[in-house]
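First up is the structure itself, then whatever we jot down about it.
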Amino acid sequence: LPGPPTNIAITNIGPRSVNLQFKPGYDGKTSISRWLVEAQVGVVGENEDWLMVHQVSNEPEARSLEVPGLNPYTFYRFRMHQVNIVGNSPSSQPSRKIQTLPAPPDMAPANVTLRTASETSLWLRWMPLPEWEYNGNAEQVGYRVQYYRVGSQGRGLTHIITDRLEREFTIEDLEEWTEYEVRVQAVNGIGMGPWSQPVRGRTRESVPSCGPTNVSAFATTSSSILVRWFEVPEHDRNGLILGYKVMYKEKDSDSAVRFWMVEGNASHSVQLTSLGKYVLYEIQVLAFTRIGDGRPSSPPILERTLDDVPGPPVGILFPEVRTTSVRLIWQSPAHPNGIILAYQITYHLNSTNSNAATVDVLNPSTRQYTVTNLKPESVYVFRITAQTRKGWGDAAEALVVTTEKRARPQPTSRPIVPQKDVESRQVLLSWEPGSDGLSPVRYYTVQQKELPENNWTVHSASVNHEATSYIVSRLKPFTSYQFRVKATNDIGDSEYSEESEAITTLQDAPDEAPTILSVTPHTTTSVLIRWQ
């Protein structure tokens with residue numbers, strides 16, 4: 001048998017190989033056919049196992065050899081055998097203990113998964129690198145996360161995690177309803193390891209962050225406007241667009257905003273109908289997802305419906321009445337439906353055989369008119385109409401008695417509300433008129449009082465002078481009310497009538513749905529909903 005090699009020295013220490021120099025032992029009078037290298041790996045000591053790490057054949061004259069295939073940043077101690085045709089020599093004396101140099105990690109983190117966390121975040125998880133794969137100082141081992149929008153041409157963003165034991169990371173500040181690609185690599189003090197296979201995830205839906213673009217409006221009639229718009233820009237949709245809502249209201253009015261719903265994403269126009277005539281509207285459009293309404297388009301666009309013939313003038317009164325003359329005053333129509341160009345007044349005796357009427361046309365700024373040479377103690381009919389460029393509108397009609405014995409009207413009878421005419425949000429009020437004081441009633445005022453409060457509020461101060469009943473609307477369901485009525489003629493107001501009996505409106509379904517405050521995961525198959 002040959003003798004063991006001696007004088008083992010270690011040179012050229014790298015991350016994955018070393019060079020062993022040695023002096024051959026006795027060859028047993030035959031050539032050496034193989035050199036065997038054994039090592040203690042990681043833990044070095046007298047009682048630790050020796051593993052075969054390398055062997056070289058057919059180099060009998062070797063005095064040094066390279067030992068490849070070592071692990072970076074790992075402790076080793078080596079010993080050698082030489083082999084001839086008879087067998088193996090005894091082992092040499094062990095070498096000194098050495099540590100290979102560090103290297104970048106060889107493997108990527110395993111089991112990488114990506115899940116949705118919120119509208120703007122994703123939850124990344126992975127299996128931390130095992131300690132023997134650090135390839136360097138454990139204190140310098142961490143992870144590098146890279147993420148970018150799918151389809152984007154940019155290099156993406158990265159985040160460094162310094163804790164080598166960390167196994168999850170929440171990626172924040174992402175865009176809503178956007179698909180991202182994410183990958184992870186391990187890093188140490190020397191460099192970066194390979195990337196993991198990329199994983200993809202999408203953030204949750206949200207509401208659109210801006211309104212549709214290129215909103216336009218075009219008046220088609222005196223009561224309709226055609227509204228058109230383009231889609232919400234793709235990066236602002238934040239989900240699947242389920243439809244649109246057109247918001248519109250009269251400009252500079254206290255009226256509530258109205259909505260016109262357009263279901264689906266196929267249609268990008270709508271005809272608003274039943275609008276006021278010659279009214280300026282503010283119009284905006286918003287898109288909605290299943291999460292809710294997005295921001296409306298901005299700024300609002302303005303469009304006025306076309307003009308039409310006007311409504312009747314209002315507020316006709318006769319403040320001065322003599323036996324042969326009267327002075328009447330009026331106000332412009334509540335619905336002018338355009339620019340008023342003129343007024344026309346017609347009057348004649350209120351008798352069946354009176355066909356001869358007097359007509360006068362007045363300029364649009366006129367609000368009063370005096371007539372003389374009338375017949376004493378007679379009833380006259382006055383009719384006033386207004387004109388726009390579309391023509392003459394409906395007339396307002398009023399009676400007047402040429403007498404100086406006029407007085408305020410007497411109160412109406414106590415108003416009654418039959419139970420059959422009581423609904424959840426409205427009732428039908430009826431009364432008998434009192435004496436008109438030789439001056440025709442111009443209008444009635446209806447007041448209501450919600451019990452048990454004691455405050456009377458005006459429901460309407462413009463009930464038609466010929467009315468003996470009135471629908472009181474906008475009431476609260478399942479609420480008790482009382483009502484009273486007064487009449488007004490040219491001289492003034494009557495006393496209020498006696499109060500009606502208390503009535504209670506019917507019950508109704510709730511006006512609004514509950515507001516969902518939160519929806520949170522509860523178990524693997526349930527969620528917890530809180531509402532108000």
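Chains: A, B, ... in order of the structure tokens. Residues: from 1 per chain. Ligands: from 1, in order shown.
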Open item on the list: From a backbone DSSP assignment, name each residue in segment 99-207 of chain A labelled strand (DSSP E or B), as a PyMOL selection string.
Closed with: chain A and resi 99+110-118+121-127+142-149+157-161+168-171+179-187+192+199-202
Can you tell me, as a PDB file with N, CA and C atoms, in the first residue's frame, what residues are no more than 10 Å from segment 29-44 of chain A when counting only C-alpha atoms, ignoring any on the same chain fewer than 3 positions away?
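Writing the result to selection_25.pdb gives the following:
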ATOM      1  N   LEU A   1       0.844  -1.203   0.000  1.00  0.00           N
ATOM      2  CA  LEU A   1       0.000   0.000   0.000  1.00  0.00           C
ATOM      3  C   LEU A   1       0.875   1.247   0.000  1.00  0.00           C
ATOM      4  N   PRO A   2       0.379   2.324  -0.645  1.00  0.00           N
ATOM      5  CA  PRO A   2       1.142   3.582  -0.613  1.00  0.00           C
ATOM      6  C   PRO A   2       1.003   4.266   0.737  1.00  0.00           C
ATOM      7  N   PRO A   5      -0.224  11.293   1.529  1.00  0.00           N
ATOM      8  CA  PRO A   5       0.428  12.556   1.171  1.00  0.00           C
ATOM      9  C   PRO A   5       0.697  13.367   2.445  1.00  0.00           C
ATOM     10  N   LEU A  20      -5.267  22.698  -3.744  1.00  0.00           N
ATOM     11  CA  LEU A  20      -4.513  21.970  -2.721  1.00  0.00           C
ATOM     12  C   LEU A  20      -3.106  21.659  -3.266  1.00  0.00           C
ATOM     13  N   PRO A  24       3.649  14.118  -2.278  1.00  0.00           N
ATOM     14  CA  PRO A  24       3.194  12.722  -2.335  1.00  0.00           C
ATOM     15  C   PRO A  24       3.896  11.864  -1.267  1.00  0.00           C
ATOM     16  N   GLY A  25       3.166  10.855  -0.822  1.00  0.00           N
ATOM     17  CA  GLY A  25       3.756   9.892   0.115  1.00  0.00           C
ATOM     18  C   GLY A  25       4.464   8.753  -0.648  1.00  0.00           C
ATOM     19  N   TYR A  26       4.892   7.727   0.092  1.00  0.00           N
ATOM     20  CA  TYR A  26       5.532   6.545  -0.496  1.00  0.00           C
ATOM     21  C   TYR A  26       4.574   5.921  -1.507  1.00  0.00           C
ATOM     22  N   ASN A  47     -14.570  14.712  15.570  1.00  0.00           N
ATOM     23  CA  ASN A  47     -15.567  13.643  15.479  1.00  0.00           C
ATOM     24  C   ASN A  47     -16.537  13.824  14.318  1.00  0.00           C
ATOM     25  N   GLU A  48     -16.284  14.825  13.469  1.00  0.00           N
ATOM     26  CA  GLU A  48     -17.213  15.073  12.365  1.00  0.00           C
ATOM     27  C   GLU A  48     -16.908  14.139  11.187  1.00  0.00           C
ATOM     28  N   ASP A  49     -17.939  13.900  10.386  1.00  0.00           N
ATOM     29  CA  ASP A  49     -17.802  13.010   9.230  1.00  0.00           C
ATOM     30  C   ASP A  49     -16.946  13.662   8.147  1.00  0.00           C
ATOM     31  N   TRP A  50     -16.256  12.767   7.404  1.00  0.00           N
ATOM     32  CA  TRP A  50     -15.497  13.213   6.234  1.00  0.00           C
ATOM     33  C   TRP A  50     -16.235  12.748   4.986  1.00  0.00           C
ATOM     34  N   LEU A  51     -16.394  13.675   4.046  1.00  0.00           N
ATOM     35  CA  LEU A  51     -17.109  13.365   2.810  1.00  0.00           C
ATOM     36  C   LEU A  51     -16.144  13.420   1.645  1.00  0.00           C
ATOM     37  N   MET A  52     -16.342  12.506   0.680  1.00  0.00           N
ATOM     38  CA  MET A  52     -15.550  12.563  -0.545  1.00  0.00           C
ATOM     39  C   MET A  52     -16.031  13.758  -1.367  1.00  0.00           C
ATOM     40  N   VAL A  53     -15.121  14.685  -1.686  1.00  0.00           N
ATOM     41  CA  VAL A  53     -15.515  15.877  -2.440  1.00  0.00           C
ATOM     42  C   VAL A  53     -14.854  15.942  -3.806  1.00  0.00           C
ATOM     43  N   HIS A  54     -13.783  15.168  -4.052  1.00  0.00           N
ATOM     44  CA  HIS A  54     -13.117  15.272  -5.357  1.00  0.00           C
ATOM     45  C   HIS A  54     -12.143  14.100  -5.521  1.00  0.00           C
ATOM     46  N   GLN A  55     -11.924  13.677  -6.790  1.00  0.00           N
ATOM     47  CA  GLN A  55     -10.866  12.703  -7.072  1.00  0.00           C
ATOM     48  C   GLN A  55     -10.308  12.965  -8.466  1.00  0.00           C
ATOM     49  N   VAL A  56      -8.974  12.678  -8.608  1.00  0.00           N
ATOM     50  CA  VAL A  56      -8.282  12.899  -9.881  1.00  0.00           C
ATOM     51  C   VAL A  56      -7.582  11.595 -10.261  1.00  0.00           C
ATOM     52  N   SER A  57      -7.767  11.151 -11.519  1.00  0.00           N
ATOM     53  CA  SER A  57      -7.156   9.883 -11.983  1.00  0.00           C
ATOM     54  C   SER A  57      -6.075  10.173 -13.021  1.00  0.00           C
ATOM     55  N   ASN A  58      -5.150   9.211 -13.125  1.00  0.00           N
ATOM     56  CA  ASN A  58      -4.149   9.202 -14.207  1.00  0.00           C
ATOM     57  C   ASN A  58      -3.251  10.435 -14.223  1.00  0.00           C
ATOM     58  N   GLU A  59      -2.945  10.952 -13.043  1.00  0.00           N
ATOM     59  CA  GLU A  59      -1.959  12.039 -12.958  1.00  0.00           C
ATOM     60  C   GLU A  59      -0.974  11.696 -11.832  1.00  0.00           C
ATOM     61  N   PRO A  60      -0.120  10.665 -12.084  1.00  0.00           N
ATOM     62  CA  PRO A  60       0.761  10.175 -11.002  1.00  0.00           C
ATOM     63  C   PRO A  60       1.775  11.219 -10.545  1.00  0.00           C
ATOM     64  N   GLU A  61       2.071  12.180 -11.393  1.00  0.00           N
ATOM     65  CA  GLU A  61       3.110  13.151 -11.021  1.00  0.00           C
ATOM     66  C   GLU A  61       2.526  14.419 -10.389  1.00  0.00           C
ATOM     67  N   ALA A  62       1.233  14.451 -10.108  1.00  0.00           N
ATOM     68  CA  ALA A  62       0.599  15.673  -9.597  1.00  0.00           C
ATOM     69  C   ALA A  62       1.215  16.097  -8.274  1.00  0.00           C
ATOM     70  N   LEU A  65      -3.664  20.174  -6.976  1.00  0.00           N
ATOM     71  CA  LEU A  65      -4.884  19.959  -7.753  1.00  0.00           C
ATOM     72  C   LEU A  65      -5.975  20.929  -7.276  1.00  0.00           C
ATOM     73  N   VAL A  67      -9.805  21.759  -6.348  1.00  0.00           N
ATOM     74  CA  VAL A  67     -11.007  21.094  -5.829  1.00  0.00           C
ATOM     75  C   VAL A  67     -12.219  21.980  -6.181  1.00  0.00           C
ATOM     76  N   LEU A  70     -17.416  23.441  -4.611  1.00  0.00           N
ATOM     77  CA  LEU A  70     -17.620  23.754  -3.194  1.00  0.00           C
ATOM     78  C   LEU A  70     -18.761  24.774  -3.039  1.00  0.00           C
ATOM     79  N   ASN A  71     -19.263  24.903  -1.819  1.00  0.00           N
ATOM     80  CA  ASN A  71     -20.312  25.884  -1.519  1.00  0.00           C
ATOM     81  C   ASN A  71     -19.687  27.197  -1.072  1.00  0.00           C
ATOM     82  N   TYR A  73     -18.967  30.632   0.969  1.00  0.00           N
ATOM     83  CA  TYR A  73     -19.055  31.099   2.354  1.00  0.00           C
ATOM     84  C   TYR A  73     -19.303  29.936   3.318  1.00  0.00           C
ATOM     85  N   THR A  74     -18.500  28.835   3.116  1.00  0.00           N
ATOM     86  CA  THR A  74     -18.676  27.624   3.917  1.00  0.00           C
ATOM     87  C   THR A  74     -17.305  27.194   4.464  1.00  0.00           C
ATOM     88  N   PHE A  75     -17.307  26.726   5.711  1.00  0.00           N
ATOM     89  CA  PHE A  75     -16.066  26.234   6.324  1.00  0.00           C
ATOM     90  C   PHE A  75     -15.736  24.838   5.800  1.00  0.00           C
ATOM     91  N   TYR A  76     -14.428  24.622   5.509  1.00  0.00           N
ATOM     92  CA  TYR A  76     -13.954  23.314   5.040  1.00  0.00           C
ATOM     93  C   TYR A  76     -12.639  22.978   5.753  1.00  0.00           C
ATOM     94  N   ARG A  77     -12.424  21.655   5.908  1.00  0.00           N
ATOM     95  CA  ARG A  77     -11.092  21.133   6.250  1.00  0.00           C
ATOM     96  C   ARG A  77     -10.877  19.902   5.364  1.00  0.00           C
ATOM     97  N   PHE A  78      -9.691  19.796   4.755  1.00  0.00           N
ATOM     98  CA  PHE A  78      -9.444  18.752   3.757  1.00  0.00           C
ATOM     99  C   PHE A  78      -8.407  17.731   4.261  1.00  0.00           C
ATOM    100  N   ARG A  79      -8.482  16.507   3.695  1.00  0.00           N
ATOM    101  CA  ARG A  79      -7.411  15.519   3.830  1.00  0.00           C
ATOM    102  C   ARG A  79      -7.378  14.700   2.532  1.00  0.00           C
ATOM    103  N   MET A  80      -6.232  14.011   2.303  1.00  0.00           N
ATOM    104  CA  MET A  80      -6.057  13.311   1.025  1.00  0.00           C
ATOM    105  C   MET A  80      -5.660  11.845   1.233  1.00  0.00           C
ATOM    106  N   HIS A  81      -5.972  11.057   0.198  1.00  0.00           N
ATOM    107  CA  HIS A  81      -5.453   9.682   0.068  1.00  0.00           C
ATOM    108  C   HIS A  81      -4.832   9.582  -1.316  1.00  0.00           C
ATOM    109  N   GLN A  82      -3.801   8.709  -1.394  1.00  0.00           N
ATOM    110  CA  GLN A  82      -3.316   8.372  -2.732  1.00  0.00           C
ATOM    111  C   GLN A  82      -3.553   6.875  -2.940  1.00  0.00           C
ATOM    112  N   VAL A  83      -3.832   6.491  -4.222  1.00  0.00           N
ATOM    113  CA  VAL A  83      -4.278   5.127  -4.527  1.00  0.00           C
ATOM    114  C   VAL A  83      -3.335   4.540  -5.588  1.00  0.00           C
ATOM    115  N   ASN A  84      -2.865   3.266  -5.333  1.00  0.00           N
ATOM    116  CA  ASN A  84      -2.144   2.533  -6.393  1.00  0.00           C
ATOM    117  C   ASN A  84      -2.891   1.243  -6.672  1.00  0.00           C
ATOM    118  N   ILE A  85      -2.277   0.366  -7.383  1.00  0.00           N
ATOM    119  CA  ILE A  85      -2.966  -0.851  -7.807  1.00  0.00           C
ATOM    120  C   ILE A  85      -3.314  -1.767  -6.638  1.00  0.00           C
ATOM    121  N   VAL A  86      -2.596  -1.571  -5.524  1.00  0.00           N
ATOM    122  CA  VAL A  86      -2.851  -2.422  -4.348  1.00  0.00           C
ATOM    123  C   VAL A  86      -4.035  -1.892  -3.554  1.00  0.00           C
ATOM    124  N   GLY A  87      -4.175  -0.549  -3.449  1.00  0.00           N
ATOM    125  CA  GLY A  87      -5.283   0.003  -2.663  1.00  0.00           C
ATOM    126  C   GLY A  87      -5.035   1.437  -2.237  1.00  0.00           C
ATOM    127  N   ASN A  88      -5.825   1.877  -1.233  1.00  0.00           N
ATOM    128  CA  ASN A  88      -5.772   3.268  -0.747  1.00  0.00           C
ATOM    129  C   ASN A  88      -4.729   3.387   0.347  1.00  0.00           C
ATOM    130  N   SER A  89      -4.060   4.546   0.339  1.00  0.00           N
ATOM    131  CA  SER A  89      -3.158   4.862   1.454  1.00  0.00           C
ATOM    132  C   SER A  89      -3.980   5.275   2.663  1.00  0.00           C
ATOM    133  N   SER A  91      -5.192   8.081   5.412  1.00  0.00           N
ATOM    134  CA  SER A  91      -5.478   9.505   5.164  1.00  0.00           C
ATOM    135  C   SER A  91      -4.325  10.363   5.638  1.00  0.00           C
ATOM    136  N   SER A  92      -4.139  11.483   4.962  1.00  0.00           N
ATOM    137  CA  SER A  92      -3.126  12.456   5.376  1.00  0.00           C
ATOM    138  C   SER A  92      -3.584  13.169   6.630  1.00  0.00           C
ATOM    139  N   PRO A  94      -5.121  16.263   8.523  1.00  0.00           N
ATOM    140  CA  PRO A  94      -6.069  17.277   8.032  1.00  0.00           C
ATOM    141  C   PRO A  94      -5.365  18.605   7.768  1.00  0.00           C
ATOM    142  N   SER A  95      -5.927  19.327   6.764  1.00  0.00           N
ATOM    143  CA  SER A  95      -5.434  20.689   6.483  1.00  0.00           C
ATOM    144  C   SER A  95      -5.967  21.647   7.539  1.00  0.00           C
ATOM    145  N   LYS A  97      -8.360  24.762   8.770  1.00  0.00           N
ATOM    146  CA  LYS A  97      -9.753  25.090   8.447  1.00  0.00           C
ATOM    147  C   LYS A  97      -9.780  26.373   7.626  1.00  0.00           C
ATOM    148  N   ILE A  98     -10.531  26.368   6.517  1.00  0.00           N
ATOM    149  CA  ILE A  98     -10.664  27.591   5.708  1.00  0.00           C
ATOM    150  C   ILE A  98     -12.161  27.844   5.457  1.00  0.00           C
ATOM    151  N   GLN A  99     -12.457  29.072   4.991  1.00  0.00           N
ATOM    152  CA  GLN A  99     -13.828  29.406   4.588  1.00  0.00           C
ATOM    153  C   GLN A  99     -13.800  29.908   3.148  1.00  0.00           C
ATOM    154  N   TRP A 132     -28.504  27.634   4.193  1.00  0.00           N
ATOM    155  CA  TRP A 132     -27.342  27.143   3.436  1.00  0.00           C
ATOM    156  C   TRP A 132     -27.289  27.718   2.007  1.00  0.00           C
TER     157      TRP A 132
END
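The space between atom CA of Ser298 of chain A and atom CA of Leu280 of chain A spans 17.2 Å.
Contact shell of Lys486 of chain A at 9 Å (only C-alpha atoms; same-chain neighbours under 3 positions omitted): Pro409, Gln410, Pro411, Thr412, Tyr443, Tyr444, Thr445, Val446, Gln447, Asp493, Ser494, Glu495, Tyr496 and Ser497 of chain A.
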What would the file look like if the residues just selected were written as an mmCIF file, in the first residue's frame with all heavy atoms?
data_model
loop_
_atom_site.group_PDB
_atom_site.id
_atom_site.type_symbol
_atom_site.label_atom_id
_atom_site.label_comp_id
_atom_site.auth_asym_id
_atom_site.auth_seq_id
_atom_site.Cartn_x
_atom_site.Cartn_y
_atom_site.Cartn_z
ATOM 1 N N PRO A 409 -112.396 89.572 1.397
ATOM 2 C CA PRO A 409 -113.290 88.411 1.357
ATOM 3 C C PRO A 409 -113.531 87.844 2.758
ATOM 4 O O PRO A 409 -112.743 88.075 3.695
ATOM 5 C CB PRO A 409 -112.536 87.411 0.481
ATOM 6 C CG PRO A 409 -111.099 87.806 0.558
ATOM 7 C CD PRO A 409 -111.085 89.296 0.775
ATOM 8 N N GLN A 410 -114.620 87.105 2.866
ATOM 9 C CA GLN A 410 -114.909 86.380 4.104
ATOM 10 C C GLN A 410 -114.121 85.060 4.109
ATOM 11 O O GLN A 410 -113.776 84.531 3.043
ATOM 12 C CB GLN A 410 -116.413 86.098 4.198
ATOM 13 C CG GLN A 410 -117.260 87.353 4.343
ATOM 14 C CD GLN A 410 -116.913 88.101 5.613
ATOM 15 O OE1 GLN A 410 -116.940 87.537 6.710
ATOM 16 N NE2 GLN A 410 -116.555 89.378 5.465
ATOM 17 N N PRO A 411 -113.808 84.499 5.303
ATOM 18 C CA PRO A 411 -113.057 83.228 5.345
ATOM 19 C C PRO A 411 -113.836 82.106 4.655
ATOM 20 O O PRO A 411 -115.070 82.141 4.577
ATOM 21 C CB PRO A 411 -112.901 82.947 6.841
ATOM 22 C CG PRO A 411 -113.186 84.234 7.517
ATOM 23 C CD PRO A 411 -114.124 85.015 6.641
ATOM 24 N N THR A 412 -113.097 81.133 4.178
ATOM 25 C CA THR A 412 -113.739 79.933 3.621
ATOM 26 C C THR A 412 -114.295 79.090 4.758
ATOM 27 O O THR A 412 -114.051 79.355 5.954
ATOM 28 C CB THR A 412 -112.719 79.085 2.835
ATOM 29 O OG1 THR A 412 -111.769 78.549 3.759
ATOM 30 C CG2 THR A 412 -111.998 79.928 1.791
ATOM 31 N N TYR A 443 -106.663 84.537 -5.502
ATOM 32 C CA TYR A 443 -106.006 83.247 -5.211
ATOM 33 C C TYR A 443 -106.277 82.872 -3.767
ATOM 34 O O TYR A 443 -106.745 83.690 -2.955
ATOM 35 C CB TYR A 443 -104.490 83.328 -5.460
ATOM 36 C CG TYR A 443 -103.752 84.375 -4.650
ATOM 37 C CD1 TYR A 443 -103.284 84.100 -3.363
ATOM 38 C CD2 TYR A 443 -103.540 85.649 -5.173
ATOM 39 C CE1 TYR A 443 -102.621 85.062 -2.622
ATOM 40 C CE2 TYR A 443 -102.879 86.623 -4.440
ATOM 41 C CZ TYR A 443 -102.417 86.311 -3.174
ATOM 42 O OH TYR A 443 -101.767 87.274 -2.434
ATOM 43 N N TYR A 444 -106.000 81.591 -3.454
ATOM 44 C CA TYR A 444 -106.093 81.076 -2.089
ATOM 45 C C TYR A 444 -104.697 80.704 -1.596
ATOM 46 O O TYR A 444 -103.812 80.353 -2.381
ATOM 47 C CB TYR A 444 -106.987 79.836 -2.032
ATOM 48 C CG TYR A 444 -108.453 80.119 -2.258
ATOM 49 C CD1 TYR A 444 -109.029 79.898 -3.509
ATOM 50 C CD2 TYR A 444 -109.256 80.588 -1.231
ATOM 51 C CE1 TYR A 444 -110.367 80.151 -3.734
ATOM 52 C CE2 TYR A 444 -110.607 80.845 -1.442
ATOM 53 C CZ TYR A 444 -111.152 80.633 -2.691
ATOM 54 O OH TYR A 444 -112.480 80.886 -2.909
ATOM 55 N N THR A 445 -104.513 80.770 -0.271
ATOM 56 C CA THR A 445 -103.276 80.326 0.377
ATOM 57 C C THR A 445 -103.602 79.152 1.296
ATOM 58 O O THR A 445 -104.558 79.229 2.086
ATOM 59 C CB THR A 445 -102.637 81.456 1.201
ATOM 60 O OG1 THR A 445 -102.324 82.545 0.333
ATOM 61 C CG2 THR A 445 -101.367 80.988 1.901
ATOM 62 N N VAL A 446 -102.854 78.057 1.170
ATOM 63 C CA VAL A 446 -103.046 76.870 2.004
ATOM 64 C C VAL A 446 -101.858 76.741 2.947
ATOM 65 O O VAL A 446 -100.698 76.794 2.504
ATOM 66 C CB VAL A 446 -103.171 75.596 1.139
ATOM 67 C CG1 VAL A 446 -103.225 74.351 2.026
ATOM 68 C CG2 VAL A 446 -104.409 75.675 0.254
ATOM 69 N N GLN A 447 -102.149 76.620 4.245
ATOM 70 C CA GLN A 447 -101.108 76.405 5.249
ATOM 71 C C GLN A 447 -101.271 75.025 5.877
ATOM 72 O O GLN A 447 -102.381 74.488 5.933
ATOM 73 C CB GLN A 447 -101.157 77.477 6.340
ATOM 74 C CG GLN A 447 -100.614 78.834 5.921
ATOM 75 C CD GLN A 447 -100.395 79.741 7.116
ATOM 76 O OE1 GLN A 447 -101.104 79.653 8.124
ATOM 77 N NE2 GLN A 447 -99.421 80.638 7.017
ATOM 78 N N ASP A 493 -106.414 90.203 2.365
ATOM 79 C CA ASP A 493 -106.597 88.803 2.757
ATOM 80 C C ASP A 493 -107.811 88.651 3.657
ATOM 81 O O ASP A 493 -108.109 89.540 4.494
ATOM 82 C CB ASP A 493 -105.380 88.288 3.528
ATOM 83 C CG ASP A 493 -104.115 88.351 2.690
ATOM 84 O OD1 ASP A 493 -104.227 88.320 1.454
ATOM 85 O OD2 ASP A 493 -103.022 88.446 3.284
ATOM 86 N N SER A 494 -108.479 87.502 3.543
ATOM 87 C CA SER A 494 -109.481 87.129 4.538
ATOM 88 C C SER A 494 -108.774 86.636 5.803
ATOM 89 O O SER A 494 -107.555 86.432 5.809
ATOM 90 C CB SER A 494 -110.390 86.035 3.980
ATOM 91 O OG SER A 494 -109.658 84.800 3.924
ATOM 92 N N GLU A 495 -109.555 86.434 6.850
ATOM 93 C CA GLU A 495 -109.026 85.711 7.997
ATOM 94 C C GLU A 495 -108.796 84.253 7.573
ATOM 95 O O GLU A 495 -109.417 83.771 6.625
ATOM 96 C CB GLU A 495 -110.016 85.752 9.169
ATOM 97 C CG GLU A 495 -110.306 87.140 9.696
ATOM 98 C CD GLU A 495 -109.077 87.774 10.335
ATOM 99 O OE1 GLU A 495 -108.265 87.030 10.923
ATOM 100 O OE2 GLU A 495 -108.925 89.004 10.222
ATOM 101 N N TYR A 496 -107.884 83.543 8.277
ATOM 102 C CA TYR A 496 -107.728 82.114 8.005
ATOM 103 C C TYR A 496 -108.988 81.366 8.420
ATOM 104 O O TYR A 496 -109.680 81.755 9.382
ATOM 105 C CB TYR A 496 -106.521 81.536 8.740
ATOM 106 C CG TYR A 496 -105.234 81.681 7.964
ATOM 107 C CD1 TYR A 496 -104.301 82.655 8.293
ATOM 108 C CD2 TYR A 496 -104.974 80.852 6.878
ATOM 109 C CE1 TYR A 496 -103.130 82.799 7.561
ATOM 110 C CE2 TYR A 496 -103.810 80.968 6.145
ATOM 111 C CZ TYR A 496 -102.888 81.951 6.480
ATOM 112 O OH TYR A 496 -101.743 82.082 5.740
ATOM 113 N N SER A 497 -109.287 80.319 7.703
ATOM 114 C CA SER A 497 -110.435 79.487 8.046
ATOM 115 C C SER A 497 -110.185 78.785 9.376
ATOM 116 O O SER A 497 -109.068 78.787 9.919
ATOM 117 C CB SER A 497 -110.652 78.433 6.955
ATOM 118 O OG SER A 497 -109.545 77.515 6.956
#
Task: For Ala110 of chain A: contacts at 8 Å, only C-alpha atoms, fewer than 2 positions along chain excluded, given as a list of chain:residue names - done: A:Ala108, A:Val112, A:Trp126, A:Met127, A:Pro128, A:Leu129, A:Ser196
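Atom CA of Ile241 of chain A is positioned 11.2 Å from atom CA of Val262 of chain A.
Every protein or nucleic acid residue with an atom no more than 7 Å from Leu157 of chain A, counting only C-alpha atoms and leaving out same-chain residues fewer than 4 positions away, appears here: Gln146, Tyr147 and Tyr148 of chain A.
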Which residues of segment 259-344 of chain A have any atom within 6 Å of an atom in segment 394-402 of chain A when counting only C-alpha atoms, and what is the closest pair of atoms for each, with the distance in Å to one decimal? Order the rows by chain and rising number and write it as a tab-separated table.
residue	atom	partner	partner_atom	distance
A:Gly311	CA	A:Asp394	CA	5.6
A:Pro312	CA	A:Asp394	CA	5.0
A:Pro313	CA	A:Ala396	CA	6.0
A:Arg322	CA	A:Thr402	CA	5.8
A:Thr323	CA	A:Thr402	CA	4.6
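Proximity to Ser216 of chain A was assessed for A:Arg327, A:Arg204, A:Arg228, A:Arg474 counting only C-alpha atoms; the smallest distance is recorded for A:Arg228.
In this structure, atom CA of Thr505 of chain A sits 26.7 Å away from atom CA of Arg258 of chain A.
Residue neighbourhood of segment 357-373 of chain A, excluding near-sequence residues (fewer than 5 positions): Thr324, Ser325, Val326, Arg327, Leu328, Ile329, Trp330, Gln331, Ser332, Ile340, Leu341, Ala342, Tyr343, Gln344, Ile345, Thr346, Tyr347 and His348 of chain A, at 8 Å, using only C-alpha atoms.
With only C-alpha atoms as the atoms that count, the minimum distance from Asn19 of chain A to the choices A:Thr504, A:Arg414, A:Thr100, A:Thr6 is reached by A:Thr100.
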Open item on the list: Which residue is closest to Val232 of chain A? Choose from A:Gly276, A:Gly142, A:Pro296, A:Gly191 and count only C-alpha atoms.
Closed with: A:Pro296
TODO: Please provide as a ChimeraX atom specification all residues within 9 Å of Cys210 of chain A, with the sequence filter that same-chain residues fewer than 2 positions apart are discarded (counting only C-alpha atoms).
DONE: /A:207-208,212-213,232-233,236-237,286-287,294-298
